[in-house]
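Below is the file coords-v3.cif, which contains mmCIF, C-alpha atoms.
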data_upload
loop_
_atom_site.label_atom_id
_atom_site.label_comp_id
_atom_site.auth_asym_id
_atom_site.auth_seq_id
_atom_site.Cartn_x
_atom_site.Cartn_y
_atom_site.Cartn_z
CA MET O 1453 0.00 0.00 0.00
CA VAL O 1454 2.78 2.41 1.03
CA LEU O 1455 4.72 1.54 -2.13
CA LYS O 1456 1.62 2.19 -4.26
CA VAL O 1457 1.21 5.64 -2.70
CA ILE O 1458 4.87 6.48 -3.31
CA PHE O 1459 4.57 5.28 -6.89
CA LEU O 1460 1.48 7.43 -7.51
CA PHE O 1461 3.19 10.42 -5.89
CA VAL O 1462 6.26 10.06 -8.12
CA CYS O 1463 4.04 9.66 -11.18
CA THR O 1464 2.10 12.81 -10.30
CA ILE O 1465 5.31 14.81 -9.94
CA LYS O 1466 6.57 13.47 -13.30
CA ILE O 1467 3.31 14.37 -15.06
CA THR O 1468 3.33 17.84 -13.49
CA LEU O 1469 6.89 18.49 -14.62
CA PHE O 1470 6.09 17.20 -18.10
CA THR O 1471 3.06 19.50 -18.37
CA GLN O 1472 5.20 22.42 -17.22
CA PHE O 1473 7.67 21.71 -20.00
CA PHE O 1474 4.84 21.81 -22.49
CA THR O 1475 3.69 25.19 -21.34
CA ILE O 1476 7.18 26.68 -21.24
CA TYR O 1477 8.42 25.30 -24.54
CA ASP O 1478 5.46 24.54 -26.74
CA GLU O 1479 7.55 23.49 -29.71
CA PHE O 1480 8.66 20.06 -30.89
CA PHE O 1481 9.87 17.00 -29.16
CA GLY O 1482 13.41 15.88 -30.10
CA LEU O 1483 14.21 12.36 -31.10
CA ASN O 1484 16.76 10.13 -29.46
CA HIS O 1485 19.74 10.16 -31.79
CA PRO O 1486 20.03 13.67 -33.11
CA ASP O 1487 23.63 13.38 -34.29
CA GLY O 1488 23.10 10.57 -36.75
CA TYR O 1489 24.88 7.26 -36.87
CA LYS O 1490 28.54 7.13 -37.93
CA ASN O 1491 28.77 8.30 -41.56
CA TYR O 1492 24.99 8.46 -41.80
CA ASP O 1493 24.53 12.01 -40.60
CA TYR O 1494 20.98 12.81 -41.68
CA THR O 1495 21.61 16.57 -41.53
CA LYS O 1496 23.96 16.52 -44.55
CA ASN O 1497 22.97 17.69 -47.99
CA GLU O 1498 22.40 14.53 -50.10
CA LYS O 1499 25.79 13.15 -49.05
CA ASN O 1500 24.72 9.80 -47.61
CA SER O 1501 21.76 7.45 -47.78
CA ALA O 1502 20.14 8.86 -44.61
CA THR O 1503 19.68 12.28 -46.20
CA PHE O 1504 16.71 13.83 -47.97
CA GLY O 1505 17.04 13.86 -51.76
CA TYR O 1506 19.49 10.94 -51.94
CA ARG O 1507 19.07 8.26 -54.59
CA ARG O 1508 17.03 5.12 -54.04
CA ASN O 1509 16.33 2.00 -56.14
CA PRO O 1510 18.52 2.64 -59.23
CA GLY O 1511 16.95 5.00 -61.68
CA MET O 1512 13.63 5.13 -59.91
CA ARG O 1513 13.23 7.18 -56.80
CA ILE O 1514 14.52 10.06 -54.66
CA HIS O 1515 14.53 9.70 -50.88
CA ALA O 1516 11.59 11.60 -49.40
CA ALA O 1517 12.69 11.41 -45.75
CA ARG O 1518 15.49 11.78 -43.24
CA ASP O 1519 16.55 8.45 -41.72
CA LEU O 1520 17.41 8.48 -38.02
CA TYR O 1521 19.25 5.32 -37.06
CA TYR O 1522 18.31 3.67 -33.78
CA GLU O 1523 18.64 0.37 -32.05
CA ILE O 1524 15.72 -2.01 -32.57
CA ASP O 1525 12.75 -1.39 -30.27
CA GLU O 1526 13.84 2.06 -29.12
CA PRO O 1527 10.81 4.30 -28.50
CA ILE O 1528 9.45 6.72 -31.09
CA TYR O 1529 7.77 9.85 -29.75
CA ALA O 1530 5.12 12.15 -31.20
CA ILE O 1531 6.91 15.32 -32.23
CA ALA O 1532 3.91 17.54 -31.39
CA ASN O 1533 0.25 17.32 -30.37
CA GLY O 1534 -1.97 15.80 -33.05
CA VAL O 1535 -4.37 13.15 -34.29
CA VAL O 1536 -3.47 9.74 -35.74
CA LYS O 1537 -4.84 9.62 -39.29
CA ARG O 1538 -3.56 6.34 -40.66
CA ILE O 1539 -1.67 3.23 -39.65
CA LYS O 1540 -0.70 0.68 -42.26
CA ALA O 1541 1.87 -1.88 -43.31
CA PHE O 1542 4.87 -0.07 -44.75
CA TYR O 1543 7.18 -2.75 -46.15
CA TRP O 1544 9.20 -5.76 -45.12
CA ASP O 1545 7.52 -6.36 -41.78
CA THR O 1546 7.48 -2.72 -40.67
CA TRP O 1547 4.57 -0.29 -40.38
CA VAL O 1548 3.98 3.41 -40.92
CA ILE O 1549 1.98 5.85 -38.77
CA GLU O 1550 0.62 9.07 -40.24
CA ILE O 1551 -0.24 11.87 -37.80
CA GLU O 1552 -1.69 15.32 -38.41
CA HIS O 1553 0.16 17.58 -35.98
CA GLU O 1554 -0.93 20.93 -34.56
CA HIS O 1555 1.78 22.90 -36.26
CA GLN O 1556 1.48 25.10 -39.30
CA HIS O 1557 4.41 25.26 -41.66
CA VAL O 1558 2.13 26.99 -44.17
CA LYS O 1559 -0.52 29.21 -42.63
CA GLY O 1560 -3.90 27.54 -42.32
CA HIS O 1561 -2.62 23.97 -42.74
CA ASN O 1562 -1.50 21.44 -40.15
CA ILE O 1563 1.55 19.40 -41.06
CA MET O 1564 1.26 15.67 -41.78
CA VAL O 1565 4.07 13.45 -40.54
CA ARG O 1566 4.86 9.88 -41.59
CA TYR O 1567 6.71 7.82 -39.00
CA GLY O 1568 8.03 4.89 -41.03
CA GLU O 1569 9.78 1.56 -40.42
CA VAL O 1570 8.18 1.06 -37.02
CA ASN O 1571 7.82 -2.32 -35.35
CA LYS O 1572 4.41 -3.71 -36.35
CA ASN O 1573 4.06 -5.21 -32.87
CA GLY O 1574 5.17 -1.99 -31.20
CA VAL O 1575 2.48 0.42 -32.44
CA LEU O 1576 0.97 2.05 -29.32
CA VAL O 1577 -1.74 4.20 -30.94
CA LYS O 1578 -4.74 3.66 -33.19
CA VAL O 1579 -6.44 5.72 -35.89
CA GLY O 1580 -8.37 8.61 -34.35
CA ASP O 1581 -6.26 8.77 -31.19
CA LYS O 1582 -5.17 12.19 -29.99
CA VAL O 1583 -1.47 12.24 -29.18
CA VAL O 1584 0.49 14.74 -27.13
CA ARG O 1585 3.97 15.97 -27.73
CA GLY O 1586 6.51 13.53 -26.31
CA GLN O 1587 4.07 10.63 -26.12
CA GLU O 1588 5.54 7.28 -27.09
CA ILE O 1589 3.67 6.12 -30.17
CA ALA O 1590 5.71 3.17 -31.42
CA LYS O 1591 9.01 1.32 -31.40
CA ILE O 1592 11.73 1.02 -34.00
CA GLY O 1593 11.25 -1.94 -36.31
CA LEU O 1594 13.52 -4.42 -38.02
CA LEU O 1595 13.31 -5.00 -41.76
CA LYS O 1596 12.55 -8.63 -42.45
CA LYS O 1597 11.98 -10.32 -45.77
CA ASN O 1598 11.29 -13.98 -46.51
CA GLY O 1599 12.37 -14.97 -43.03
CA ARG O 1600 15.67 -13.08 -43.03
CA PHE O 1601 16.43 -9.65 -41.65
CA ILE O 1602 17.88 -6.89 -43.79
CA LYS O 1603 21.22 -5.52 -42.64
CA GLN O 1604 21.22 -1.85 -41.86
CA PRO O 1605 24.59 -0.09 -41.67
CA GLY O 1606 27.15 -0.87 -39.05
CA SER O 1607 25.31 -3.60 -37.25
CA ASP O 1608 23.58 -6.84 -37.95
CA LYS O 1609 20.30 -5.67 -36.49
CA ARG O 1610 19.81 -1.94 -36.61
CA GLY O 1611 16.69 0.01 -37.38
CA MET O 1612 15.70 3.53 -38.27
CA LEU O 1613 12.96 6.07 -38.04
CA HIS O 1614 12.12 7.11 -41.59
CA ILE O 1615 10.44 10.49 -41.12
CA GLU O 1616 8.55 12.36 -43.87
CA ILE O 1617 6.79 15.71 -43.46
CA TYR O 1618 4.09 17.36 -45.60
CA THR O 1619 2.71 20.88 -45.30
CA GLY O 1620 -0.89 19.61 -45.42
CA GLU O 1621 -1.90 21.84 -48.32
CA GLU O 1622 -2.80 18.85 -50.49
CA SER O 1623 -5.24 16.05 -49.85
CA GLY O 1624 -5.22 12.32 -50.55
CA SER O 1625 -2.59 9.66 -50.13
CA LEU O 1626 0.89 10.82 -49.17
CA PHE O 1627 2.76 8.02 -50.93
CA GLY O 1628 2.62 5.78 -53.99
CA ARG O 1629 2.37 8.82 -56.22
CA SER O 1630 4.20 7.45 -59.25
CA SER O 1631 2.45 9.94 -61.50
CA VAL O 1632 3.73 12.96 -59.54
CA LYS O 1633 6.73 14.21 -61.47
CA TYR O 1634 9.72 15.91 -59.90
CA SER O 1635 8.65 19.17 -61.53
CA ASP O 1636 5.22 18.88 -59.85
CA MET O 1637 6.66 19.14 -56.33
CA SER O 1638 5.78 22.37 -54.52
CA TYR O 1639 8.85 22.49 -52.25
CA ALA O 1640 11.01 19.36 -52.37
CA THR O 1641 14.17 19.56 -54.43
CA SER O 1642 17.15 17.31 -55.10
CA SER O 1643 20.21 17.38 -57.30
CA ASN O 1644 19.41 13.75 -58.15
CA TYR O 1645 16.29 14.47 -60.17
CA SER O 1646 18.15 14.83 -63.45
CA SER O 1647 17.92 11.21 -64.52
CA GLY O 1648 14.16 11.07 -64.52
CA ARG O 1649 13.86 10.15 -60.87
CA SER O 1650 11.10 11.54 -58.67
CA PHE O 1651 10.06 11.48 -55.01
CA LYS O 1652 6.89 9.51 -55.79
CA ARG O 1653 5.14 11.39 -53.01
CA ARG O 1654 2.37 13.97 -52.60
CA LYS O 1655 3.26 17.42 -53.95
CA ASP O 1656 3.40 19.14 -50.54
CA LEU O 1657 6.34 17.06 -49.29
CA ILE O 1658 9.02 19.13 -47.53
CA ASP O 1659 12.51 18.38 -46.30
CA PRO O 1660 12.03 17.57 -42.58
CA LEU O 1661 15.42 18.93 -41.58
CA PRO O 1662 14.40 22.42 -40.40
CA LEU O 1663 11.75 20.93 -38.11
CA LEU O 1664 14.10 18.22 -36.88
CA LYS O 1665 16.59 20.93 -35.96
CA LYS O 1666 13.89 22.87 -34.12
CA MET O 1667 12.98 19.73 -32.19
CA LEU O 1668 16.55 19.30 -31.15
CA ILE O 1669 16.90 22.85 -29.89
CA SER O 1670 13.66 22.86 -27.92
CA SER O 1671 14.32 19.44 -26.40
CA LYS O 1672 17.85 20.40 -25.38
CA LYS O 1673 16.52 23.57 -23.76
CA GLU O 1674 14.14 21.47 -21.75
CA GLY O 1675 16.84 19.02 -20.74
CA LEU O 1676 14.90 16.15 -22.29
CA ILE O 1677 17.94 15.11 -24.31
CA GLU O 1678 21.65 15.83 -23.88
CA MET M 582 74.53 35.32 -11.12
CA LYS M 583 77.03 34.33 -13.81
CA LYS M 584 76.96 30.73 -12.58
CA SER M 585 73.17 30.63 -12.82
CA LEU M 586 73.29 32.09 -16.32
CA ILE M 587 75.83 29.47 -17.43
CA LEU M 588 73.67 26.70 -15.88
CA ILE M 589 70.57 27.96 -17.74
CA VAL M 590 72.48 28.07 -21.05
CA ILE M 591 73.84 24.51 -20.55
CA PHE M 592 70.39 23.25 -19.55
CA SER M 593 68.78 24.83 -22.63
CA ILE M 594 71.39 23.29 -24.95
CA VAL M 595 70.80 19.84 -23.43
CA ILE M 596 66.99 20.16 -23.79
CA LEU M 597 67.18 21.39 -27.41
CA GLY M 598 69.68 18.67 -28.21
CA CYS M 599 67.29 16.05 -26.89
CA LYS M 600 64.41 17.46 -28.95
CA GLU M 601 66.56 17.42 -32.08
CA ALA M 602 67.59 13.84 -31.38
CA ASN M 603 63.94 12.88 -30.88
CA LYS M 604 62.94 14.56 -34.16
CA GLN M 605 65.75 12.69 -35.91
CA SER M 606 64.62 9.33 -34.54
CA GLU M 607 60.96 10.12 -35.38
CA LYS M 608 62.02 10.85 -38.96
CA GLU M 609 63.91 7.56 -39.10
CA ILE M 610 60.89 5.65 -37.80
CA ILE M 611 58.60 7.26 -40.40
CA LYS M 612 61.14 6.56 -43.15
CA LYS M 613 61.45 2.93 -42.07
CA ASP M 614 57.67 2.67 -41.96
CA ILE M 615 57.35 4.00 -45.50
CA ILE M 616 60.01 1.57 -46.76
CA LYS M 617 58.26 -1.29 -44.95
CA LYS M 618 54.89 -0.38 -46.51
CA ASP M 619 56.52 -0.17 -49.93
CA ILE M 620 58.02 -3.63 -49.50
CA ASP M 621 54.65 -4.97 -48.30
CA VAL M 622 52.92 -3.66 -51.39
CA LYS M 623 55.61 -5.06 -53.71
CA LYS M 624 55.21 -8.47 -52.09
CA ILE M 625 51.57 -8.47 -53.19
CA ALA M 626 52.14 -6.95 -56.59
CA LYS M 627 53.69 -9.04 -59.37
CA LYS M 628 53.60 -9.35 -63.23
CA GLU M 629 50.71 -9.01 -65.71
CA ILE M 630 47.40 -7.22 -65.44
CA PRO M 631 44.26 -9.40 -65.33
CA LYS M 632 42.40 -7.75 -68.19
CA ASP M 633 38.86 -8.47 -67.08
CA LEU M 634 39.22 -5.97 -64.23
CA LEU M 635 39.92 -3.15 -66.64
CA ASN M 636 37.60 -0.83 -68.51
CA GLN M 637 34.34 -2.08 -67.07
CA LYS M 638 32.20 -1.45 -64.02
CA LEU M 639 33.24 -3.35 -60.90
CA VAL M 640 30.38 -4.01 -58.51
CA GLY M 641 30.61 -4.68 -54.77
CA LEU M 642 29.24 -7.95 -53.40
CA VAL M 643 28.47 -9.47 -50.04
CA ILE M 644 28.26 -13.08 -48.93
CA LYS M 645 24.66 -14.25 -48.88
CA ASN M 646 25.28 -17.80 -47.77
CA THR M 647 28.60 -18.76 -46.14
CA LYS M 648 27.90 -22.49 -46.51
CA GLU M 649 27.20 -22.32 -50.26
CA THR M 650 29.97 -23.64 -52.53
CA ASP M 651 28.53 -22.34 -55.81
CA VAL M 652 29.92 -18.79 -56.04
CA ASN M 653 26.90 -17.66 -58.04
CA LYS M 654 24.74 -18.47 -55.05
CA LYS M 655 27.22 -17.58 -52.35
CA TYR M 656 27.60 -13.89 -53.28
CA TRP M 657 25.05 -11.30 -54.30
CA VAL M 658 24.29 -7.58 -54.61
CA ASP M 659 22.61 -6.77 -51.31
CA PHE M 660 20.04 -4.30 -50.02
CA ALA M 661 22.63 -1.59 -49.27
CA ALA M 662 23.68 -1.42 -52.91
CA SER M 663 20.56 -2.42 -54.75
CA CYS M 664 17.93 -0.46 -52.81
CA MET M 665 19.72 2.12 -50.65
CA CYS M 666 22.34 3.17 -53.24
CA ASP M 667 24.88 2.99 -50.43
CA SER M 668 27.64 1.01 -52.14
CA PRO M 669 30.49 2.36 -54.28
CA SER M 670 31.37 0.86 -57.64
CA ILE M 671 34.79 1.13 -59.30
CA TYR M 672 36.03 1.64 -62.86
CA ILE M 673 39.69 1.21 -63.78
CA ASN M 674 40.27 3.02 -67.04
CA LYS M 675 43.45 1.65 -68.56
CA LYS M 676 43.22 3.92 -71.59
CA THR M 677 43.34 7.13 -69.59
CA ASN M 678 44.99 5.71 -66.46
CA LYS M 679 42.14 6.91 -64.29
CA LEU M 680 40.56 5.18 -61.33
CA ILE M 681 36.92 6.23 -60.94
CA ILE M 682 34.75 5.64 -57.89
CA PHE M 683 31.01 6.16 -58.22
CA ASN M 684 27.64 5.08 -56.88
CA TYR M 685 26.30 1.62 -57.78
CA CYS M 686 22.98 3.32 -58.63
CA ASP M 687 24.56 5.77 -61.05
CA ASN M 688 22.63 5.85 -64.32
CA GLY M 689 25.62 6.92 -66.38
CA THR M 690 27.78 4.55 -68.38
CA PRO M 691 31.25 4.68 -66.90
CA PRO M 692 33.61 6.30 -67.54
CA ASN M 693 31.20 8.83 -69.07
CA ASN M 694 28.12 10.65 -67.83
CA LEU M 695 28.52 9.68 -64.20
CA GLU M 696 26.43 11.78 -61.84
CA GLN M 697 28.83 12.00 -58.93
CA SER M 698 32.27 10.42 -58.98
CA PHE M 699 35.79 10.63 -57.58
CA GLU M 700 38.72 10.45 -59.98
CA TYR M 701 42.26 9.30 -59.21
CA VAL M 702 45.26 9.32 -61.52
CA ILE M 703 46.83 5.87 -61.75
CA TYR M 704 50.61 6.03 -61.64
CA LYS M 705 51.38 2.34 -61.39
CA PHE M 706 49.87 -1.10 -61.97
CA GLU M 707 51.39 -4.23 -60.54
CA SER M 708 49.96 -7.68 -60.96
CA ASP M 709 50.10 -11.35 -61.71
CA ASP M 710 47.43 -13.59 -63.22
CA LYS M 711 45.14 -13.29 -60.24
CA ASP M 712 46.05 -10.11 -58.39
CA LEU M 713 46.01 -6.51 -59.43
CA SER M 714 47.39 -3.58 -57.46
CA VAL M 715 46.37 -0.14 -58.63
CA PHE M 716 48.40 2.77 -57.29
CA SER M 717 46.70 6.12 -57.64
CA LYS M 718 46.58 9.68 -56.36
CA ASP M 719 43.79 12.22 -56.16
CA GLU M 720 44.13 15.90 -57.07
CA ASN M 721 45.39 16.66 -53.56
CA ASP M 722 48.14 14.07 -53.89
CA ASN M 723 46.46 11.63 -51.49
CA ASP M 724 47.42 8.04 -52.22
CA LEU M 725 44.83 5.35 -52.78
CA VAL M 726 45.99 1.80 -53.47
CA LEU M 727 43.47 -0.89 -54.40
CA ILE M 728 44.59 -4.51 -54.34
CA PHE M 729 42.29 -7.02 -56.02
CA SER M 730 42.96 -10.72 -55.37
CA GLU M 731 40.91 -13.34 -57.17
CA ILE M 732 39.24 -15.90 -54.94
CA SER M 733 40.08 -19.41 -56.26
CA ASN M 734 39.38 -18.82 -59.98
CA SER M 735 35.88 -17.61 -59.16
CA LYS M 736 36.11 -14.29 -61.05
CA ILE M 737 35.24 -12.71 -57.74
CA TYR M 738 37.90 -10.51 -56.23
CA ASN M 739 38.75 -9.67 -52.67
CA LEU M 740 39.53 -5.96 -52.31
CA LYS M 741 42.12 -4.51 -49.94
CA VAL M 742 42.42 -0.77 -49.63
CA ILE M 743 45.41 1.29 -48.56
CA GLY M 744 44.51 4.94 -48.09
CA LYS M 745 41.22 6.69 -47.61
CA PHE M 746 38.39 5.45 -49.81
CA PRO M 747 35.79 8.18 -50.51
CA ASN M 748 32.21 7.63 -49.34
CA ASP M 749 30.23 10.87 -49.69
CA TYR M 750 27.63 10.58 -52.47
CA VAL M 751 29.01 7.22 -53.68
CA GLY M 752 28.02 5.16 -50.62
CA ASN M 753 29.30 4.27 -47.17
CA THR M 754 29.18 0.50 -47.55
CA LEU M 755 32.43 -0.43 -49.25
CA ASN M 756 32.21 -4.14 -49.90
CA LYS M 757 35.10 -6.59 -49.50
CA PHE M 758 34.26 -8.46 -52.69
CA PHE M 759 33.95 -7.21 -56.26
CA ILE M 760 32.91 -8.64 -59.61
CA THR M 761 32.98 -7.27 -63.13
CA LYS M 762 29.73 -6.13 -64.69
CA SER M 763 30.06 -8.82 -67.40
CA ASN M 764 30.13 -11.58 -64.78
CA LEU M 765 27.46 -9.99 -62.63
CA LYS M 766 24.65 -11.48 -64.72
CA ASN M 767 25.22 -14.86 -63.07
CA LEU M 768 24.54 -13.49 -59.61
CA LYS M 769 21.32 -12.42 -57.91
CA LYS M 770 20.57 -9.08 -56.34
CA GLU M 771 18.15 -7.95 -53.67
CA ASP M 772 14.68 -7.38 -55.08
CA CYS M 773 13.63 -3.89 -53.96
CA GLY M 774 10.01 -4.48 -54.85
CA GLY M 775 7.79 -2.91 -52.22
CA PHE M 776 10.64 -1.02 -50.58
CA ASP M 777 9.56 2.57 -50.18
CA GLY M 778 11.98 3.98 -47.60
#

Give the structure from this file in structure tokens form.
Amino acid sequence: MVLKVIFLFVCTIKITLFTQFFTIYDEFFGLNHPDGYKNYDYTKNEKNSATFGYRRNPGMRIHAARDLYYEIDEPIYAIANGVVKRIKAFYWDTWVIEIEHEHQHVKGHNIMVRYGEVNKNGVLVKVGDKVVRGQEIAKIGLLKKNGRFIKQPGSDKRGMLHIEIYTGEESGSLFGRSSVKYSDMSYATSSNYSSGRSFKRRKDLIDPLPLLKKMLISSKKEGLIE
Amino acid sequence: MKKSLILIVIFSIVILGCKEANKQSEKEIIKKDIIKKDIDVKKIAKKEIPKDLLNQKLVGLVIKNTKETDVNKKYWVDFAASCMCDSPSIYINKKTNKLIIFNYCDNGTPPNNLEQSFEYVIYKFESDDKDLSVFSKDENDNDLVLIFSEISNSKIYNLKVIGKFPNDYVGNTLNKFFITKSNLKNLKKEDCGGFDG
């Protein structure tokens, strides 16, 4: 009984402190590995495979995300308050969660964020759920295909958070847009477009880097990450 | 006062002398090291150039199945190269004596029309029937030596690198094994179907 009371007391203090952080710094929540993994610094300009605009599948596609390398099963947090719009199988035994967040990159439109390559058994939200900034929504997944896992760089079993951001100006599916040409994109650019490649995403895709940087600053200010 | 001054002067000479001696021995160590490296490289390098490594794209491979004895099933082009475009390819241009490093996913036909590549000037080839050592320098005079050794008449080569291999734009996953584009058709590669990351 005494232990239960202590536990509840500690929880109350934690929740209070968390709420205070929200009111002081109502920005974005930072993710766990802000500095990138080894040579896979996601903040670079198209230099490595973790960066936005890098090449994918020869001759076909341009990377529409920033890849943040993590260990398998590390938690993924909601970057801001929002509503879960879609959860579906992504590829190779991982899932993707799409959340409309209460942040306007373009006035009058909430951003849409795709959290990709999450563990299909580690999804902690469902469509229609309201999420709050910093809430754990899923865990990092492991790519598996035909019974074998896919090696990610530097380790036998590493995973990543594949994060895509859209301004929310357009409607309809965010992905599988083979008919959207590179020249149709409203904001996204890449030096790799020249060979007929395209992002194959909705037109309002943006490079997530500026928001990722904001997350890092606000979370460091709050002491939530080092 | 004079005594102290003399002592300081003698002390300074001794200290400087020691430093000079240290510098001298450091130089000797470096020199010996360079000579040793040179000998090491010459040990590997021998007579003729295996022609199939020249003037065509060399593609990095990984081992898919360590127990497999058929090389066509043992090695393959993996996810890092095939889907993530994270593996460098190599082209040794014997006509122009250029070593070119570029992305596996590059749409261009080497040595021309490559999207992003690193070029090295080859100043020496050394080889025998199975091994090839390519000595090159980049525009900043940095050495890069690539030593290809054929694995038991398999037409698959083990690559050893001396120097810094570039990775920006061309890929971070430098594979240990390479095959020529003409022999690549016998091997499988990761099917990226469905991959959307």

With all atoms listed in the file considered, list every residue of chain O at most 10 Å from chain M, as a ChimeraX atom specification. /O:1490-1492,1496-1502,1506-1519,1542-1544,1568-1569,1602-1606,1613-1616,1627-1628,1643-1644,1646-1648,1652

Would you write out, as JSON, numbers by chain, every residue that the PyMOL selection byres ((chain O and resi 1564) around 10) captures in this file? {"O": [1534, 1535, 1536, 1537, 1550, 1551, 1552, 1553, 1554, 1555, 1556, 1561, 1562, 1563, 1565, 1566, 1567, 1616, 1617, 1618, 1619, 1620, 1621, 1626, 1656, 1657]}

Could you state the separation of CA of Ile1539 (chain O) and CA of Ile1677 (chain O) in Å, given to one decimal place?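 The value is 27.6 Å.
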
Interatomic distance, CA of Lys1596 (chain O) to CA of Met1612 (chain O) (Å, one decimal): 13.2 Å

Straight-line distance linking CA of Pro1527 (chain O) with CA of Met1667 (chain O), stated in Å to one decimal: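 Going from CA of Pro1527 (chain O) over to CA of Met1667 (chain O), I get 16.0 Å.
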